[in-house]
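Shown next, in structure tokens, is the structure this report addresses.
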Amino acid sequence: MNKGTMVRASTALVLAGALGVLCLNAAEAGQDRPDRSATQQSRSSARSALLDIDYQDGSLDSGIPGLTTTHATAHDASSVVRSGDDYAITHKVTLGDPGYESDGAPRSESATNNIPQGIFHVGDVRRYEFSVLLKDWKTYEAGDSESGDIIFQGKHAGGNLPSFYLMAKRNGIAFRSPTLDLQAVVVDDFRPYVNQWMTFRVDVRWTGDRTGYYRISTRTPGESEFALRKTYENVQTFHPKNPTDLGYIKWGLYRPGQSIENGDVPTRIVQHDNISIQDLAGE
């Protein structure tokens, strides 16, 4: 059952009346939330779950030692919010405010760089799943800045380019591999889904030669199953432009090259939940 059903919405509102403003915010954050049991069921084909980050304990690191939380210093650059009867992580970036910058760029992100199960190497075959909600997202209109907001990355270590990322650009969600100069829109129009949960799956064979692949699937509100949106076969996912032997994933909000002067939206907020890394080796 979708967590966006009328029953769940009504339950959230009752809690709001009983517990006050905090739970009212929780009801708003949990609109059309993906059912956790359905999410777990969708993973049944995975051979082994290496890491599940579900924020059920209400903490920024989801109770996982070593999980990197935001380096941005603003008090609300990252926070855990109630979402239905559960929790999710929120990342916020306000352009022009150094409190929402990390390593000199406007971003607030979490990452698995210090968790062995969150690291990938050449030869690994991984499935990455996550749910994302674009909170009160200002949509694109003709004449607006066309900058993209990165919401998830498969990142090569050591300051290298990401192997891939997903970004909100104009009014769609696009997959991009900058090292291979690949790009495809995987959600044509997210405007009907603002403040609702969308779920993404990226399967990757990590290779140092042209035997790798990216396979990107989505499940948007109203869909009960994942739909394959784009496949890139026979590609080198560990690219020589990135001289490293390991990588990790990041999620949150990264707004490269954006500024108030360029006419970009001043503040963006994104929520993530149910981040999962699965081992597909042998499948």
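Identifiers for the structure tokens are assigned positionally: chains receive A, B, ... in sequence, residues are indexed from 1 per chain, and ligands are indexed from 1 in the order shown.
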Enumerate the residues of range 97-244 of chain A with a DSSP assignment of helix (DSSP H, G or I), computed from the backbone, and present them as a list in words.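 Going through range 97-244 of chain A, the helix (DSSP H, G or I) residues come out as Pro98, Gly99, Tyr100, Pro116, Gln117, Gly118, Arg191, Pro192 and Tyr193 of chain A.
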Would you save the residues of that selection, restricted to all heavy atoms, as a CSV table (one decimal), in the first residue's frame?
chain,number,residue,atom,x,y,z
A,98,PRO,N,27.5,31.1,2.8
A,98,PRO,CA,28.6,30.2,3.1
A,98,PRO,C,28.2,29.0,4.0
A,98,PRO,O,28.9,28.0,4.0
A,98,PRO,CB,29.7,31.0,3.6
A,98,PRO,CG,29.1,32.3,4.1
A,98,PRO,CD,27.9,32.5,3.3
A,99,GLY,N,27.2,29.2,4.8
A,99,GLY,CA,26.7,28.1,5.7
A,99,GLY,C,26.2,26.9,4.9
A,99,GLY,O,26.1,25.8,5.5
A,100,TYR,N,25.9,27.1,3.6
A,100,TYR,CA,25.4,26.0,2.8
A,100,TYR,C,26.4,25.6,1.7
A,100,TYR,O,26.0,25.2,0.7
A,100,TYR,CB,24.0,26.5,2.2
A,100,TYR,CG,23.0,26.8,3.2
A,100,TYR,CD1,22.8,28.1,3.6
A,100,TYR,CD2,22.2,25.8,3.7
A,100,TYR,CE1,21.8,28.4,4.5
A,100,TYR,CE2,21.2,26.1,4.7
A,100,TYR,CZ,21.0,27.4,5.1
A,100,TYR,OH,20.1,27.7,6.0
A,116,PRO,N,33.0,0.5,4.7
A,116,PRO,CA,33.5,-0.5,3.7
A,116,PRO,C,32.4,-1.0,2.8
A,116,PRO,O,32.6,-1.2,1.6
A,116,PRO,CB,34.0,-1.6,4.7
A,116,PRO,CG,34.4,-0.9,5.9
A,116,PRO,CD,33.4,0.2,6.1
A,117,GLN,N,31.2,-1.2,3.3
A,117,GLN,CA,30.1,-1.7,2.5
A,117,GLN,C,29.6,-0.7,1.5
A,117,GLN,O,28.9,-1.1,0.5
A,117,GLN,CB,28.9,-2.2,3.3
A,117,GLN,CG,29.2,-3.2,4.4
A,117,GLN,CD,29.6,-2.6,5.7
A,117,GLN,OE1,30.3,-1.6,5.8
A,117,GLN,NE2,29.1,-3.3,6.8
A,118,GLY,N,30.0,0.5,1.7
A,118,GLY,CA,29.6,1.6,0.8
A,118,GLY,C,30.6,1.9,-0.3
A,118,GLY,O,30.4,2.8,-1.1
A,191,ARG,N,7.0,17.5,-12.5
A,191,ARG,CA,6.1,18.5,-11.9
A,191,ARG,C,4.9,17.8,-11.2
A,191,ARG,O,4.5,18.3,-10.1
A,191,ARG,CB,5.6,19.5,-12.9
A,191,ARG,CG,6.7,20.5,-13.3
A,191,ARG,CD,6.3,21.4,-14.4
A,191,ARG,NE,6.1,20.7,-15.7
A,191,ARG,CZ,5.7,21.3,-16.8
A,191,ARG,NH1,5.5,22.6,-16.9
A,191,ARG,NH2,5.5,20.6,-17.9
A,192,PRO,N,4.3,16.8,-11.7
A,192,PRO,CA,3.2,16.1,-11.0
A,192,PRO,C,3.6,15.5,-9.7
A,192,PRO,O,2.8,15.2,-8.8
A,192,PRO,CB,2.6,15.1,-11.9
A,192,PRO,CG,3.1,15.5,-13.3
A,192,PRO,CD,4.4,16.1,-13.0
A,193,TYR,N,4.9,15.3,-9.5
A,193,TYR,CA,5.4,14.5,-8.3
A,193,TYR,C,6.1,15.4,-7.3
A,193,TYR,O,6.7,14.9,-6.4
A,193,TYR,CB,6.4,13.5,-8.8
A,193,TYR,CG,5.9,12.6,-10.0
A,193,TYR,CD1,6.7,12.4,-11.1
A,193,TYR,CD2,4.6,12.2,-10.0
A,193,TYR,CE1,6.2,11.6,-12.2
A,193,TYR,CE2,4.1,11.4,-11.1
A,193,TYR,CZ,4.9,11.2,-12.1
A,193,TYR,OH,4.4,10.4,-13.2
Using only C-alpha atoms, find each residue of range 90-138 of chain A with at least one atom at most 10 Å away from an atom of range 217-234 of chain A; report its shortest atom-to-atom pair and that distance in Å (one decimal), sort the rows by chain and rising residue number, and return the result as CSV.
residue,atom,partner,partner_atom,distance
A:Glu129,CA,A:Ser217,CA,9.3
A:Phe130,CA,A:Thr218,CA,9.9
A:Ser131,CA,A:Arg219,CA,9.2
Within 12 Å of range 208-216 of chain A: each range 131-173 of chain A residue with its shortest pair, only C-alpha atoms, as a tab-separated table:
residue	atom	partner	partner_atom	distance
A:Gly154	CA	A:Tyr214	CA	11.1
A:Ser163	CA	A:Tyr214	CA	10.1
A:Phe164	CA	A:Tyr214	CA	8.9
A:Tyr165	CA	A:Ile216	CA	10.9
A:Leu166	CA	A:Ile216	CA	9.9
A:Ile173	CA	A:Ile216	CA	11.5
Go ahead and save the residues from that selection, with C-alpha atoms, as a compact mmCIF listing (two decimals), in the first residue's frame.
# COMPACT_ATOMS: atom_id res chain seq x y z
CA GLY A 154 28.35 7.45 -7.83
CA SER A 163 31.15 8.13 -12.59
CA PHE A 164 27.46 9.00 -12.77
CA TYR A 165 24.86 11.22 -11.20
CA LEU A 166 21.15 11.96 -11.29
CA ILE A 173 15.28 14.02 -13.91
Using only C-alpha atoms, determine which residues lie at most 10 Å from range 260-263 of chain A, disregarding the query and same-chain residues fewer than 4 positions distant; provide the list as a PyMOL selection string. chain A and resi 94-96+143-147+267
Measuring between only C-alpha atoms, which one of A:Ser177, A:Asn113, A:Gln196, A:Ser259 shows the shortest distance to Thr237 in chain A?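 Closest to Thr237 in chain A, using only C-alpha atoms: A:Ser177.
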Please provide as a PyMOL selection string all residues within 10 Å of Ile275 in chain A, with the sequence filter that same-chain residues fewer than 4 positions apart are discarded (counting only C-alpha atoms). chain A and resi 51-55+128-132+199-201+249+251
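The spacing separating CA of Val270 in chain A from CA of Lys92 in chain A amounts to 6.6 Å.
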Which residues are close to Tyr140 in chain A, i.e. within 10 Å by only C-alpha atoms, leaving aside same-chain residues fewer than 6 positions away? Reply as a PDB file with C-alpha atoms, in the first residue's frame.
ATOM      1  CA  GLU A 146      18.715  25.815 -16.900  1.00  0.00           C
ATOM      2  CA  LYS A 169      17.212  19.753 -14.715  1.00  0.00           C
ATOM      3  CA  ARG A 170      14.454  21.944 -16.113  1.00  0.00           C
ATOM      4  CA  ASN A 171      11.388  19.851 -15.168  1.00  0.00           C
ATOM      5  CA  GLY A 172      12.886  16.399 -15.637  1.00  0.00           C
ATOM      6  CA  ARG A 191       6.066  18.466 -11.897  1.00  0.00           C
ATOM      7  CA  VAL A 265      16.525  29.588  -7.537  1.00  0.00           C
TER       8      VAL A 265
END
DSSP-assigned strand (DSSP E or B) members of range 59-237 of chain A, reported as a ChimeraX atom specification: /A:68,78-83,86-94,101-102,105-111,119-120,125-134,149-156,162-169,172-177,182-187,197-205,212-219,227-235
I'd like the interatomic distance between CA of Gln153 in chain A and CA of Tyr248 in chain A, to a tenth of an Å.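 These two atoms are separated by 8.3 Å.
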Quick one: distance from CA of Ser83 in chain A to CA of Asp273 in chain A in Å, one decimal?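 Taking CA of Ser83 in chain A as the start and CA of Asp273 in chain A as the end point, the length is 9.7 Å.
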Pick out the residues sitting within 8 Å of Lys250 in chain A, and hand them over as a list in words; count only C-alpha atoms, and ignore anything fewer than 4 positions along from it in its own chain.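 The neighbour list is Glu109, Ser110, Ala111, Thr112, Phe152, Gln153, Gly154 and Lys155 of chain A.
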